[in-house]
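Q: Got a file for you: final_31.cif, mmCIF, C-alpha atoms and all ligand atoms.
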```
data_target
loop_
_atom_site.label_atom_id
_atom_site.label_comp_id
_atom_site.auth_asym_id
_atom_site.auth_seq_id
_atom_site.Cartn_x
_atom_site.Cartn_y
_atom_site.Cartn_z
CA MET U 1 -2.51 -3.51 2.85
CA ARG U 2 -0.55 -6.57 1.87
CA ARG U 3 3.11 -6.21 2.72
CA ARG U 4 5.47 -6.79 -0.20
CA ALA U 5 8.01 -9.49 0.45
CA ALA U 6 11.14 -9.66 -1.62
CA GLY U 7 11.22 -13.09 -3.14
CA ARG U 8 10.56 -15.32 -6.10
CA SER U 9 9.02 -12.75 -8.44
CA THR U 10 10.02 -9.46 -6.85
CA ALA U 11 13.63 -8.58 -6.09
CA ALA U 12 15.10 -11.43 -8.11
CA SER U 13 13.11 -10.77 -11.23
CA ARG U 14 13.63 -7.01 -10.97
CA ARG U 15 17.33 -7.64 -11.01
CA GLY U 16 17.03 -9.86 -14.04
CA ARG U 17 17.81 -13.06 -12.12
CA PRO U 18 15.69 -16.17 -12.57
CA ALA U 19 13.02 -16.66 -9.92
CA GLU U 20 14.05 -18.66 -6.87
CA THR U 21 12.68 -22.20 -6.70
CA PRO U 22 11.27 -23.58 -3.43
CA ALA U 23 14.32 -25.85 -3.12
CA GLU U 24 16.67 -22.89 -3.57
CA ARG U 25 14.75 -20.91 -0.97
CA LYS U 26 15.00 -23.81 1.45
CA ALA U 27 18.76 -24.01 0.89
CA ARG U 28 19.07 -20.24 1.37
CA ALA U 29 17.07 -20.44 4.61
CA ARG U 30 19.50 -23.06 5.91
CA ARG U 31 22.47 -20.87 5.01
CA ILE U 32 20.83 -17.94 6.79
CA ILE U 33 20.38 -20.06 9.93
CA ALA U 34 23.98 -21.30 9.72
CA ARG U 35 25.34 -17.74 9.48
CA LEU U 36 23.17 -16.47 12.33
CA SER U 37 24.10 -19.51 14.46
CA ARG U 38 27.76 -18.60 14.06
CA GLU U 39 27.01 -15.00 15.01
CA PHE U 40 24.81 -15.92 17.99
CA PRO U 41 26.11 -19.26 19.31
CA ASP U 42 24.32 -18.75 22.64
CA ALA U 43 20.91 -17.82 21.22
CA ALA U 44 18.23 -18.68 23.76
CA CYS U 45 15.04 -17.43 25.32
CA ALA U 46 15.67 -13.98 26.82
CA LEU U 47 12.93 -14.27 29.44
CA ASP U 48 14.29 -15.47 32.79
CA HIS U 49 12.44 -18.53 34.10
CA ARG U 50 12.99 -21.78 35.98
CA ASN U 51 9.91 -23.76 35.01
CA PRO U 52 7.01 -23.77 32.49
CA LEU U 53 4.69 -21.72 34.74
CA GLU U 54 7.26 -18.96 35.17
CA LEU U 55 7.86 -18.85 31.42
CA LEU U 56 4.14 -18.76 30.72
CA VAL U 57 3.67 -15.81 33.10
CA ALA U 58 6.76 -14.01 31.74
CA THR U 59 5.60 -14.48 28.15
CA ILE U 60 2.17 -13.02 28.90
CA LEU U 61 3.90 -10.07 30.60
CA SER U 62 6.18 -9.56 27.58
CA ALA U 63 3.36 -8.45 25.26
CA GLN U 64 4.11 -4.85 24.21
CA CYS U 65 7.03 -4.80 26.65
CA THR U 66 10.76 -5.47 26.48
CA ASP U 67 12.17 -8.74 27.81
CA ALA U 68 14.58 -6.70 29.96
CA ARG U 69 11.69 -4.92 31.69
CA VAL U 70 9.87 -8.22 32.27
CA ASN U 71 13.06 -9.66 33.80
CA GLN U 72 13.13 -6.75 36.25
CA VAL U 73 9.59 -7.50 37.42
CA THR U 74 9.57 -11.30 37.55
CA PRO U 75 12.05 -12.06 40.38
CA ALA U 76 9.74 -10.54 43.02
CA LEU U 77 6.68 -12.00 41.31
CA PHE U 78 8.11 -15.51 41.12
CA ALA U 79 9.24 -15.32 44.76
CA LYS U 80 5.72 -14.40 45.88
CA TYR U 81 3.60 -16.56 43.54
CA ARG U 82 5.14 -20.01 43.57
CA ASN U 83 2.45 -22.08 41.88
CA ALA U 84 -0.70 -21.82 39.77
CA ASP U 85 -2.91 -21.75 42.86
CA ALA U 86 -1.10 -18.66 44.15
CA TYR U 87 -1.74 -16.80 40.89
CA ALA U 88 -5.31 -18.10 40.71
CA THR U 89 -6.13 -16.61 44.12
CA ALA U 90 -4.13 -13.39 43.71
CA ASP U 91 -5.78 -10.08 44.57
CA PRO U 92 -6.23 -8.41 41.15
CA GLY U 93 -5.63 -4.89 42.53
CA VAL U 94 -2.39 -5.92 44.21
CA PHE U 95 -1.27 -7.92 41.18
CA GLU U 96 -1.92 -4.98 38.86
CA ARG U 97 0.42 -2.81 40.93
CA GLU U 98 3.07 -5.53 40.97
CA ILE U 99 3.18 -5.78 37.17
CA GLN U 100 2.28 -2.17 36.37
CA SER U 101 5.63 -1.27 34.81
CA THR U 102 5.19 -3.90 32.05
CA GLY U 103 2.23 -1.92 30.62
CA PHE U 104 -1.31 -3.09 29.82
CA PHE U 105 -1.34 -4.30 33.41
CA ARG U 106 -5.13 -4.65 33.74
CA ASN U 107 -5.44 -6.99 30.77
CA LYS U 108 -2.29 -8.88 31.76
CA THR U 109 -3.61 -9.33 35.30
CA LYS U 110 -6.87 -10.73 33.93
CA SER U 111 -4.99 -13.06 31.59
CA ILE U 112 -2.57 -14.39 34.20
CA ILE U 113 -5.18 -14.92 36.93
CA GLY U 114 -7.63 -16.44 34.41
CA MET U 115 -4.91 -18.65 32.96
CA ALA U 116 -3.89 -19.84 36.43
CA GLN U 117 -7.52 -20.57 37.40
CA ALA U 118 -7.86 -22.69 34.26
CA LEU U 119 -4.63 -24.53 35.13
CA VAL U 120 -5.99 -25.34 38.58
CA GLU U 121 -9.43 -26.38 37.28
CA ARG U 122 -8.36 -28.36 34.19
CA HIS U 123 -4.76 -29.45 34.70
CA ALA U 124 -4.26 -29.92 38.46
CA GLY U 125 -2.19 -26.72 38.50
CA ARG U 126 0.33 -27.93 35.94
CA VAL U 127 1.16 -26.26 32.63
CA PRO U 128 0.14 -28.65 29.84
CA ASP U 129 2.70 -29.54 27.19
CA SER U 130 0.45 -29.62 24.13
CA MET U 131 -0.46 -26.83 21.73
CA GLU U 132 -4.14 -27.70 21.91
CA ALA U 133 -4.32 -27.47 25.70
CA LEU U 134 -2.16 -24.35 25.91
CA VAL U 135 -4.13 -22.28 23.41
CA ALA U 136 -7.35 -23.23 25.23
CA LEU U 137 -6.08 -21.30 28.29
CA PRO U 138 -7.31 -17.70 28.71
CA GLY U 139 -4.79 -15.15 27.40
CA VAL U 140 -2.67 -17.78 25.65
CA GLY U 141 -2.34 -17.63 21.87
CA ARG U 142 -0.26 -19.67 19.49
CA LYS U 143 2.81 -17.42 19.87
CA THR U 144 2.85 -17.76 23.66
CA ALA U 145 2.22 -21.50 23.39
CA ASN U 146 5.15 -21.84 20.98
CA VAL U 147 7.43 -19.97 23.39
CA VAL U 148 6.48 -22.31 26.25
CA LEU U 149 6.58 -25.53 24.23
CA GLY U 150 9.93 -24.70 22.63
CA ASN U 151 11.75 -23.28 25.62
CA ALA U 152 10.23 -24.93 28.69
CA PHE U 153 9.38 -28.35 27.23
CA GLY U 154 11.97 -28.61 24.43
CA LYS U 155 9.21 -29.32 21.89
CA ASN U 156 9.47 -27.96 18.37
CA ASP U 157 5.76 -27.72 17.68
CA GLY U 158 5.81 -24.44 15.76
CA ILE U 159 7.77 -21.23 15.23
CA VAL U 160 7.36 -18.06 17.27
CA VAL U 161 6.49 -15.22 14.88
CA ASP U 162 6.86 -11.88 16.63
CA THR U 163 7.32 -8.46 15.00
CA HIS U 164 11.07 -9.06 14.41
CA VAL U 165 10.48 -12.44 12.79
CA GLN U 166 7.61 -11.03 10.73
CA ARG U 167 9.65 -8.08 9.42
CA ILE U 168 12.92 -9.91 8.79
CA THR U 169 11.47 -12.96 7.06
CA ALA U 170 9.72 -10.58 4.65
CA LEU U 171 12.95 -8.68 3.99
CA LEU U 172 14.78 -11.97 3.47
CA GLY U 173 12.14 -13.10 0.98
CA LEU U 174 11.33 -16.22 3.01
CA THR U 175 7.61 -15.48 2.93
CA ARG U 176 5.14 -13.25 1.14
CA GLU U 177 2.51 -13.69 3.82
CA SER U 178 1.53 -10.97 6.26
CA THR U 179 -0.24 -12.79 9.11
CA PRO U 180 1.78 -14.58 11.81
CA GLU U 181 -0.08 -17.88 11.26
CA LYS U 182 0.69 -17.98 7.53
CA ILE U 183 4.28 -16.77 8.01
CA GLU U 184 4.75 -19.53 10.56
CA ARG U 185 3.46 -22.11 8.08
CA ASP U 186 5.88 -20.88 5.39
CA LEU U 187 8.82 -20.99 7.80
CA MET U 188 7.91 -24.47 9.02
CA ALA U 189 8.21 -25.65 5.42
CA LEU U 190 11.65 -24.04 5.02
CA VAL U 191 13.36 -24.74 8.34
CA PRO U 192 14.24 -28.19 9.71
CA ARG U 193 11.96 -29.04 12.61
CA SER U 194 14.89 -29.40 15.00
CA GLN U 195 15.59 -25.66 14.48
CA TRP U 196 12.06 -24.26 14.83
CA THR U 197 12.68 -22.84 18.30
CA LEU U 198 16.21 -21.72 17.48
CA VAL U 199 15.31 -19.84 14.31
CA SER U 200 13.08 -17.40 16.22
CA HIS U 201 15.82 -16.65 18.74
CA LEU U 202 18.29 -16.05 15.91
CA LEU U 203 16.00 -13.74 13.95
CA ILE U 204 15.03 -11.78 17.07
CA LEU U 205 18.71 -11.25 17.98
CA HIS U 206 19.44 -10.25 14.38
CA GLY U 207 16.53 -7.80 14.49
CA ARG U 208 17.84 -6.20 17.66
CA LYS U 209 21.45 -5.97 16.57
CA THR U 210 21.54 -5.45 12.80
CA CYS U 211 18.26 -5.65 10.91
CA VAL U 212 16.68 -2.99 13.10
CA ALA U 213 13.20 -1.78 12.28
CA ARG U 214 13.79 1.85 11.40
CA ARG U 215 16.87 1.42 9.27
CA PRO U 216 18.44 -2.01 8.77
CA ARG U 217 22.23 -1.84 9.03
CA CYS U 218 22.82 -3.69 5.78
CA GLU U 219 26.43 -2.54 5.58
CA HIS U 220 27.22 -4.59 8.73
CA CYS U 221 24.97 -7.55 7.95
CA ARG U 222 26.36 -11.05 7.50
CA LEU U 223 23.22 -12.04 5.62
CA ARG U 224 23.76 -9.47 2.89
CA PRO U 225 24.74 -11.99 0.18
CA LEU U 226 21.61 -13.99 1.03
CA CYS U 227 19.18 -11.08 1.30
CA PRO U 228 17.21 -9.73 -1.66
CA SER U 229 16.42 -6.53 0.30
CA ALA U 230 20.03 -5.56 1.05
CA ARG U 231 20.50 -1.83 0.51
CA VAL U 232 24.18 -2.23 -0.31
CA PRO U 233 25.75 -4.81 -2.67
S1 LIG D 301 20.89 -7.23 4.38
FE1 LIG D 301 19.79 -5.53 5.37
S2 LIG D 301 17.60 -5.98 5.05
FE2 LIG D 301 18.74 -7.88 4.64
S3 LIG D 301 18.73 -8.98 6.61
FE3 LIG D 301 20.61 -7.77 6.53
S4 LIG D 301 20.13 -5.84 7.57
FE4 LIG D 301 18.18 -6.85 7.03
#
```
So that I can check it, write out the structure of this file as structure tokens.

A:
Amino acid sequence: MRRRAAGRSTAASRRGRPAETPAERKARARRIIARLSREFPDAACALDHRNPLELLVATILSAQCTDARVNQVTPALFAKYRNADAYATADPGVFEREIQSTGFFRNKTKSIIGMAQALVERHAGRVPDSMEALVALPGVGRKTANVVLGNAFGKNDGIVVDTHVQRITALLGLTRESTPEKIERDLMALVPRSQWTLVSHLLILHGRKTCVARRPRCEHCRLRPLCPSARVP
């Protein structure tokens, strides 16, 4: 079922206000980013890593798992597997046990070993820095590629749309779309390219602290004046 997003013809028109123009929405998006940037001046990737390979592995492990849990598992993993070749030749049974606590460990083991084998075969063991090459790796989708490009290579190629970003951008009326790809496209049109990586970090932090999934804490939210879904005036 299509998720309703508060926006141009929903919340605004119900309240008798004129519909928001694209230019007004863009300006509102920038104000939202400015407010969240003041609230979270140190917003950054929450997955511990020292290089693109470590971030790629950590991001694959983070599917259906908290970043905190992944950060508990990765120090030992990164100490043992120091390059793509080490992952590519890992014993799957041993690797499964090493990452078991992150959940879905069989699929994640397949993805990480397969990804590393492809790195060795196609990229001389190095993580490529292009969207096209990253999404061609086994187990790597656009979201993972965006995480790596934005945080390990400093490239704003797209916007990470996870469940927090998906939920909050709908509540904020920044998109009416329901698939990550289309939400990402809407956000890319609203947010300056230089902030594409940042905006995900900000929305994720906001989703953990204030706009929580079960019951958004609108009464404590700095975005309230900018949010058509605010439960309190
Ligand atoms: S006002 Fe409420 S719904 Fe809107 S962003 Fe803030 S917490 Fe979320």

Q: Excluding range 165-167 of chain U and residues on its chain fewer than 3 positions from it, collect all residues at most 8 Å away from it, counting all atoms listed in the file, and give them as a PyMOL selection string.

A: chain U and resi 160-162+170-171+178+180+183+200+203-204+207+213

Q: Output the neighbourhood of ligand LIG 301 (chain D) as an NGL selection string, that is, all protein and nucleic acid residues with some atom at most 9 Å from the ligand, counting all atoms listed in the file.

A: :U and (167-169 or 171-172 or 206-207 or 210-213 or 215-233)

Q: Go through range 110-144 of chain U residue by residue and, counting all atoms listed in the file, keep those with an atom at most 9 Å from range 59-83 of chain U; for each kept residue give the shortest atom pair and its distance in Å to one decimal, ordered by chain and increasing number, as JSON lines.

A:
```
{"residue": "U:Ser111", "atom": "CA", "partner": "U:Ile60", "partner_atom": "CA", "distance": 7.6}
{"residue": "U:Ile112", "atom": "CA", "partner": "U:Ile60", "partner_atom": "CA", "distance": 7.2}
{"residue": "U:Ala116", "atom": "CA", "partner": "U:Asn83", "partner_atom": "CA", "distance": 8.7}
{"residue": "U:Gly125", "atom": "CA", "partner": "U:Asn83", "partner_atom": "CA", "distance": 7.4}
{"residue": "U:Arg126", "atom": "CA", "partner": "U:Asn83", "partner_atom": "CA", "distance": 8.6}
{"residue": "U:Gly139", "atom": "CA", "partner": "U:Ile60", "partner_atom": "CA", "distance": 7.4}
{"residue": "U:Val140", "atom": "CA", "partner": "U:Ile60", "partner_atom": "CA", "distance": 7.5}
{"residue": "U:Thr144", "atom": "CA", "partner": "U:Thr59", "partner_atom": "CA", "distance": 6.2}
```

Q: Using all atoms listed in the file, can you tell me which of U:Asp157, U:Phe104, U:Lys26, U:Thr109 comes closest to Glu132 in chain U?

A: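 Selected residue with least distance to Glu132 in chain U: U:Asp157.
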
Q: At a cut-off of 7 Å, using only C-alpha atoms, what residues contact range 33-46 of chain U? Leave out same-chain residues fewer than 5 positions from it and give the result as a PyMOL selection string.

A: chain U and resi 67+151+199+201-202

Q: List as number ranges by chain the protein and nucleic acid residues near Lys155 in chain U, meaning an atom at most 12 Å away when all atoms listed in the file are counted, but skip any in the same chain fewer than 2 places from it.

A: U: 129-131, 145-153, 157-159, 193-198

Q: How far is it from CA of Pro138 in chain U to CA of Met115 in chain U, in Å with one decimal?

A: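 So the two atoms, CA of Pro138 in chain U and CA of Met115 in chain U, lie 5.0 Å apart.
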
Q: By how many Å are CA of Val191 in chain U and CA of Ala29 in chain U apart?

A: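 Distance between the two atoms: 6.8 Å.
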
Q: As a ChimeraX atom specification, please: the residues near Leu190 in chain U (cut-off 9 Å, all atoms listed in the file, same-chain neighbours under 2 positions excluded).

A: /U:22-23,25-27,29-30,174,185-188,192

Q: Any idea what the distance is between CA of Ala133 in chain U and CA of Val94 in chain U?

A: 28.5 Å
